[in-house]
4 protein chains.
Amino acid sequence: MLKVGVLGGSGYTGFELIRLLATHPEVKIVAVSSRAQEESAVSEHYPAFRKFVDLRYVLPDDPVFEKGVDVVFSALPHGASMKAVSGLVEKGVRVIDLSADFRIRDAAVYEQWYEPHTSPDLLKDAVYGLPELYRREIASARLVANPGCYPTSIILALAPLLKNRLIEEDSIIIDSKSGVTGAGRGLSLTTHFCEVNEGFKAYKVGGVHRHIPEIEQELSLISGKEIRVTFTPHLVPMSRGILSTLYVVPREGVKAGEIDEAYRTMYADEPFVRLVGSGEMPSTLQVRGSNFCDIGWKLDGRSGRLIVVSAIDNLTRGASGQAVCNMNIMFGIPETTGLFYVPWQP
Amino acid sequence: MLKVGVLGGSGYTGFELIRLLATHPEVKIVAVSSRAQEESAVSEHYPAFRKFVDLRYVLPDDPVFEKGVDVVFSALPHGASMKAVSGLVEKGVRVIDLSADFRIRDAAVYEQWYEPHTSPDLLKDAVYGLPELYRREIASARLVANPGCYPTSIILALAPLLKNRLIEEDSIIIDSKSGVTGAGRGLSLTTHFCEVNEGFKAYKVGGVHRHIPEIEQELSLISGKEIRVTFTPHLVPMSRGILSTLYVVPREGVKAGEIDEAYRTMYADEPFVRLVGSGEMPSTLQVRGSNFCDIGWKLDGRSGRLIVVSAIDNLTRGASGQAVCNMNIMFGIPETTGLFYVPWQP
Amino acid sequence: MLKVGVLGGSGYTGFELIRLLATHPEVKIVAVSSRAQEESAVSEHYPAFRKFVDLRYVLPDDPVFEKGVDVVFSALPHGASMKAVSGLVEKGVRVIDLSADFRIRDAAVYEQWYEPHTSPDLLKDAVYGLPELYRREIASARLVANPGCYPTSIILALAPLLKNRLIEEDSIIIDSKSGVTGAGRGLSLTTHFCEVNEGFKAYKVGGVHRHIPEIEQELSLISGKEIRVTFTPHLVPMSRGILSTLYVVPREGVKAGEIDEAYRTMYADEPFVRLVGSGEMPSTLQVRGSNFCDIGWKLDGRSGRLIVVSAIDNLTRGASGQAVCNMNIMFGIPETTGLFYVPWQP
Amino acid sequence: MLKVGVLGGSGYTGFELIRLLATHPEVKIVAVSSRAQEESAVSEHYPAFRKFVDLRYVLPDDPVFEKGVDVVFSALPHGASMKAVSGLVEKGVRVIDLSADFRIRDAAVYEQWYEPHTSPDLLKDAVYGLPELYRREIASARLVANPGCYPTSIILALAPLLKNRLIEEDSIIIDSKSGVTGAGRGLSLTTHFCEVNEGFKAYKVGGVHRHIPEIEQELSLISGKEIRVTFTPHLVPMSRGILSTLYVVPREGVKAGEIDEAYRTMYADEPFVRLVGSGEMPSTLQVRGSNFCDIGWKLDGRSGRLIVVSAIDNLTRGASGQAVCNMNIMFGIPETTGLFYVPWQP
C-alpha cells in the first residue's frame, strides 16, 4: 500500500483527490492538510466522506509529509505550492504538484504570467504530467507538474494534428467552456448560484488567461515551432466539465482520412481517451466524474476549417484524476487502477 | 388599438409573443391558433397566462386571420408558414413571419438548405426585420421576415466592423451557445432535463446549421463581398439566452479606437443595443427576458485577433420581442412600447 | 410622479425594488443607498439596469431620504432598518419596511427571536402589509411592515380556512421550499453554485426559523386563537420561488365544497391571487417574476387531511412586488400599476 | 463470476444497473434487453458506456435470460415485468424485480392501485428487498421485489421509531421531493428542461401516488398496526436524489435520547445508512450516485412534533444500487462489493 499525503485538501481539487484515493485499492491516505480547517475532521468539512475518511486536517508543514509518506499531492495555490513542494522534493519525497508552479519550463515566462519563481532550479526536473505525451518520463519523475484543466482538454485535442503536421500552426483558435468547480470553492459573486444560473458568459477575454503560456509551450514542443493561440474561456451554469471547441486550418492538401488516421494512431490504445464517432460530438455529461477525454472532429468543407471538440471533467481528468493516474505510473501500478469507472450520467 | 392574430401559439415562440402582446398598451390579441391545442384555453396550456389571456385556440385557417386583424404574427414551422402567410399577404393583411421562410432572398438558396419554396414571388417583398439595419424598410413592409436567433446575435455584433471595413471578411469564426428554449417545446431526448443538466455540447458541427445562409446573406450585403463563415452552435444547460463569441482578424493597421468608434457610431442611439464597457463582457443573465443585445469586444494583441461577444435572449430579441418591435415600427408606434423592461435577473 | 427612495439597494430585494420601480409609470426613483457600494453607479453593480437607472449609490443617512422623497422603501437588514426607519417616520416620511423589524407586534416576542427592539413605540403604528388582509389599514399607514416571504405564502394559503373555522387550529404543518435568492446576495458556501446544484436540503429544522413568530401572530389574529405551527424550510436548486405545502386537519363534518367556497369568497376578486383549478397544482415557474400567489388544495380522503399548496416568487410577492403594491395602495394608485405582467416562463 | 442479465436496459434504472454491474468485480453482464433499442449497441444508446460495455441489446424473450445467466434484474415496467419474471422464476432463475409487481403482498391491493395481478401465486415467495429489514430472507430468496424509491427513503427513516413504538402511528405525514430521473427517460412535458428549470411543484397530491400502499404495508408490518399515511411527492429541478421530510408525533413521555438510541441501535453497524449528526441535516448532494441513506432528525419542542429527514439517490439506493446490494446478499458476496464509492460531489 502506497502511503499518500495531500497538501491543500479543503478545496474542490483536494476533495476530488481524496475521493479517488479513498477507494483506490493500492493507497492509504495518511494525512491531509488545510490551514483553514486545521484539526477539524475531513468528513465534517465534506460530509460525503462519512464512512470513507477518518482523518483530521493537519497543517501543511506537519512533519508527516516529509517522513511518513511515499508520495505527496499538492493542491495548494500557486506560489504556496512551490515553496512547500521544493522542500519535500529535496528531502526525497516524490511529489505530484497540481498547481501551476512547475508547468512552465522557463522561469521568466512563469514570472511574466504569475510571479517570480522561488525554485527555478527544480523546473528542469519537473515532468509535465500528461500521460499520453510523457508516460515514460512520468514513470521515473520525482516531481510531476500536473497539467491545467483547459490545457489538458486542448493539448490532447491538437496533439495528433500538430505531431503529423496536418494543420497551419498559426491558425489555432480555442473557445473553451468550463463548469463552475473550475472557479474553486472560494466565495465570490462569480460562483453565487443566482449569478451563475441562466448566466452564460465569457471571461478573461483577449489573451490574458494564465493557461495560455502552458498551452503554447506544449503545443510548440509538439510541433517544433513557436505557436501562439487565441483562447477564450467561458463559464457554464453547471458544476463539472470542460468542453473545448477548436478551430484550425488544415494544411493544403490534407485529406479527412489523414486526420482520422492521426487520431486513431495516437489514441486507439489509450485507456483514457475515447474517440467519438463521426455522427456524435462529445458532451461534458458523458465524461462527468471520470478520467476520460472524449474527442470528436469534423471538416467544414464550406469554410475550409477543421473543428475539433474535446470534453473532460475539469476536476478529474483536468486535475485530480490525472494526478492519480500519474501516481499509478510513477509507482508501477496499472494505469487505470482506481480510475476506471463509468462516467456520472445522468 | 391594433388587432393582432398569432398563428402557432402553442410553442415557446408563440408563448413569448402572447406574453409581450398581452400587456402591450396598444394591442388587443384577437386570435391565437394551434392545431394541436384546438379549442382548449390558452391559459390552460400555459397557466402563466391566467388573468391575462381569455382566449381559446382556433385553427390556423380560421377566417379571423384574414378579416378580423390588422397584423398577423406567424410562429408556424417553416414550410407551413409560407403557405399560411402568402394567402394573408395577398389579401392585404400585414404579416410578421417568425419562421425562416422569407429570410433567404434567393429561392434557390432556400431550397438548398430547407425545401422548395412555394411562394418565391413574395420573397422580393419581404423585409429582413432587423431594425438596426432595415428600420425604414420595415416601416412600410407588408411582409417582415423576422430574423433567426443566432443570426440576430451575430449580425448585430459584426455589422459595425464590416460596414467600416475594419476586418478581413474571410476570417470570421463564430462560436455560439444557446439555451434550451432554442430547441423548442417539442419533445426529444435533446431537451430532457436529465440529458441537458450538466451536459454542455456542440451540435450541427461543420457548416450544416440552417442559420448559416441567413448569416452569410446579411453579412455579405453589409460588406459588399460574398462572405463565408465558420459557425458552431452549442447547447447550454439553461432555458434562455444566446451568447456568441466571434473571432475575426482586423485589417492591417486598424486601431482599437477605430473599432470602438464604429460600435459607438452605429449603436449609441439604438434603444435595444447596449455596448458593454471595456472591463466587463456581456452575459445571458443581463439580457434575459428583454429585447436587448449586449455587445463587448477586446483586441488580443498577442494573437492579432479581435474577439467580439454578444448576448441576447433567444426568445425575445432572437424571436418574439424583435417581432413586436417590428410591429411597433410598421404601425408608427414608438419602438420601445411594450418592450422596455428590465431584464430578468437574478 | 411619486418621488421614491430606496435604502439598501445592493442586495436582491433592493434589485427587485429598483427593477419594478424603474418602469413604474407613476414613480421616479430619487435615491438608492448602499454603504458597501457608495458612489458607484447602480447600473455598474447591476448591469441589467443599463439604460434604466442613471443613479449612483448614496449613503443611507443621506439627507435626501428625509427631505427629497414621498416614500422610502427600506431593504436594510433587520436591526439596521428599525434605526433608519424610525427617524424617517418621525420626520413624516411614509415608509415601507421590508425587514422584519416592524412585523412582530409584541416587542418582547421580537426580542426573543431577533434582538431588543429600539423603537417599540412605533410598533403600534406599523401595519402588516398583506393587502388581502389589511388593505384599508395600509391605505392610511405611515409605516408598513412588509411581510416575510415564507409568511406571505403561508398566511394567504391558510387565511380562508382559519377565517371560516374549517380546520383544527393545532394541526398545521408547513413544509416550505425556497429558491436561493431567499438566502440573499451575500457570500456563503450555502449559496455557492456547486453546493446548491443537485443539493436539495432542509435547514433550520425544529421550530427555529425566525419567520415562525410572524406566521403564528397572523394566523392567531385571523382565527382568534393562539396558534402554534410546525415549520420546515428547504433550499431548492433554483433562483426564485417559494412553494409551501401545508397539511391540516379539517374540522369534523367539513365538506370539500365549503373549502372551495371559502377560497373563492376570499380571493375571486383579488388581482394578485390565482386559484388553481382542481386538476393542477401551482408551480414556482408559473409565478416567477410576478406578484401572484397561486393556490391549490386537495382533500386526502384516505388520511383525512387537507393539503394546500401555494406558490409565490419570493423576491416579488414575497418582498419587493408586495412592497410596491403597498405603495400603490398608500398613495391611491390603482393596485396593479407597474405590477401586472405575465410571469417569467419558461 | 456471476453471470447477469438485465431486462429493460434502456431507461435510467437500466442505465444505473449496467453502470454498477459493469465495474462490479464479481459480475459479468451477459445480456441486456430493450425492445425499442433492439440490436443497437448499448454504448451507442448510452455513450457513457464506451470502453465499458461491448454488448448489443437483445429482445426480452431472448433465451439467454432463461439459460445463460445466474440472476436476472428486471427493470421492465410494471405489468410487463410480472409476465417476464414469473416464467424465469419457474425455470429456476433467481430474479431481482425492480418494478412494483411483487412489492405488494396482497394481490387485491395490487389490483386496486395498479391492475389485476397475473402471477398472484408468486407473491408469497417474493421478498421485499430492503436489506436493513429483510437481509436474511433476501439471502435465500428466489425472487426479490426491489423497493420503490420513495418507500426506501421513508421506511428507513421511520423503522426505528415504529419498531420501538416511539411515535403515534396515525400521525405520519410525509413530504417527499424527487429529482427528475424519477420520472424516467421517456419523453413528456414534465421532464422538458425548460418546464423543470426554476419550476418546483407538487404532483399526485391527495393520497393517489402508487407508492402509498407499499409504504403503508411495510410500516404496518413493522409496527404491527395498520398505518395510513399522508404522502405528497414533489419534483425538484435536479437530476438525482430524493429528500423526504417526515412529521410525526412522539408518544407521550418519549425523550429525545430514546429517539437517538433507536436510530443508533438499528443503524450504527449498517454499511449503507449514515446518521447525520445533530447539527446538520442530510442533503441529496451528499448521497448522489451512492447507495447511502442519510438520516437526520430533530424534536420541535414548540409544536411537539418530531421531524425526520432522509436523503437517498433515487436511482442508486432507490433502485439499482439497492438491487445490486440484494444480489450481493443473495449470492454470498460481501454486501458493499461494487457499491462502496464516495458520493458524487460536487
# chains A, B, ... in the order shown; residues from 1 in each chain; ligands from 1
$ interface_residues --of "chain C" --to "chain B" --cutoff "10 Å" --atoms "only C-alpha atoms" --output "PyMOL selection string"
chain C and resi 12+15-16+18-20+22-24+44+46-53+180-181+185+197-198+239-240+271-277+280+282-283+285-290+292+315+340-346
$ select_by_dssp --residues "region 189-266 of chain B" --states "helix (DSSP H, G or I)" --output "VMD selection string"
chain B and resid 189 to 191 193 to 196 212 to 223 256 to 266
$ residues_around --residues "region 39-41 of chain C" --least-positions-apart "5" --cutoff "9 Å" --atoms "only C-alpha atoms" --output "list in words"
Ser34, Tyr46, Val53, Asp54, Leu55, Arg56, Tyr57, Val58 and Leu59 of chain C
$ residues_around --residues "Cys149 (chain C)" --least-positions-apart "2" --cutoff "10 Å" --atoms "only C-alpha atoms" --output "list in words"
Asn146, Pro147, Pro151, Thr152, Ser153, Ile154, Ser178, Gly182, His211, Gly241, Ile242, Ile312, Asp313, Asn314, Leu315, Thr316, Arg317, Gly318, Ala319, Ser320 and Gln322 of chain C
$ write_last_selection --atoms "C-alpha atoms" --output "PDB file, in the first residue's frame"
ATOM      1  CA  ASN C 146     -43.837  44.350   4.560  1.00  0.00           C
ATOM      2  CA  PRO C 147     -44.409  40.622   5.221  1.00  0.00           C
ATOM      3  CA  PRO C 151     -45.232  34.040   5.809  1.00  0.00           C
ATOM      4  CA  THR C 152     -46.802  35.539   2.679  1.00  0.00           C
ATOM      5  CA  SER C 153     -47.036  32.139   1.020  1.00  0.00           C
ATOM      6  CA  ILE C 154     -48.408  30.548   4.182  1.00  0.00           C
ATOM      7  CA  SER C 178     -37.382  28.330  -1.351  1.00  0.00           C
ATOM      8  CA  GLY C 182     -34.040  33.845  -0.458  1.00  0.00           C
ATOM      9  CA  HIS C 211     -40.454  33.582  10.345  1.00  0.00           C
ATOM     10  CA  GLY C 241     -39.716  30.950  -5.931  1.00  0.00           C
ATOM     11  CA  ILE C 242     -41.308  29.580  -2.792  1.00  0.00           C
ATOM     12  CA  ILE C 312     -45.042  32.793  -4.968  1.00  0.00           C
ATOM     13  CA  ASP C 313     -41.920  34.483  -6.254  1.00  0.00           C
ATOM     14  CA  ASN C 314     -40.016  35.141  -3.046  1.00  0.00           C
ATOM     15  CA  LEU C 315     -38.477  38.378  -4.339  1.00  0.00           C
ATOM     16  CA  THR C 316     -41.634  39.777  -5.926  1.00  0.00           C
ATOM     17  CA  ARG C 317     -44.744  38.699  -3.963  1.00  0.00           C
ATOM     18  CA  GLY C 318     -42.511  37.682  -1.078  1.00  0.00           C
ATOM     19  CA  ALA C 319     -40.792  41.076  -0.828  1.00  0.00           C
ATOM     20  CA  SER C 320     -40.468  43.877  -3.352  1.00  0.00           C
ATOM     21  CA  GLN C 322     -45.747  43.310  -2.451  1.00  0.00           C
TER      22      GLN C 322
END
$ residues_around --residues "Asp97 (chain B)" --least-positions-apart "5" --cutoff "8 Å" --atoms "only C-alpha atoms" --output "list in words"
Phe73, Ser74, Ala75, Ser81, Val85, Phe102, Leu143, Val144, Ala145 and Asn146 of chain B
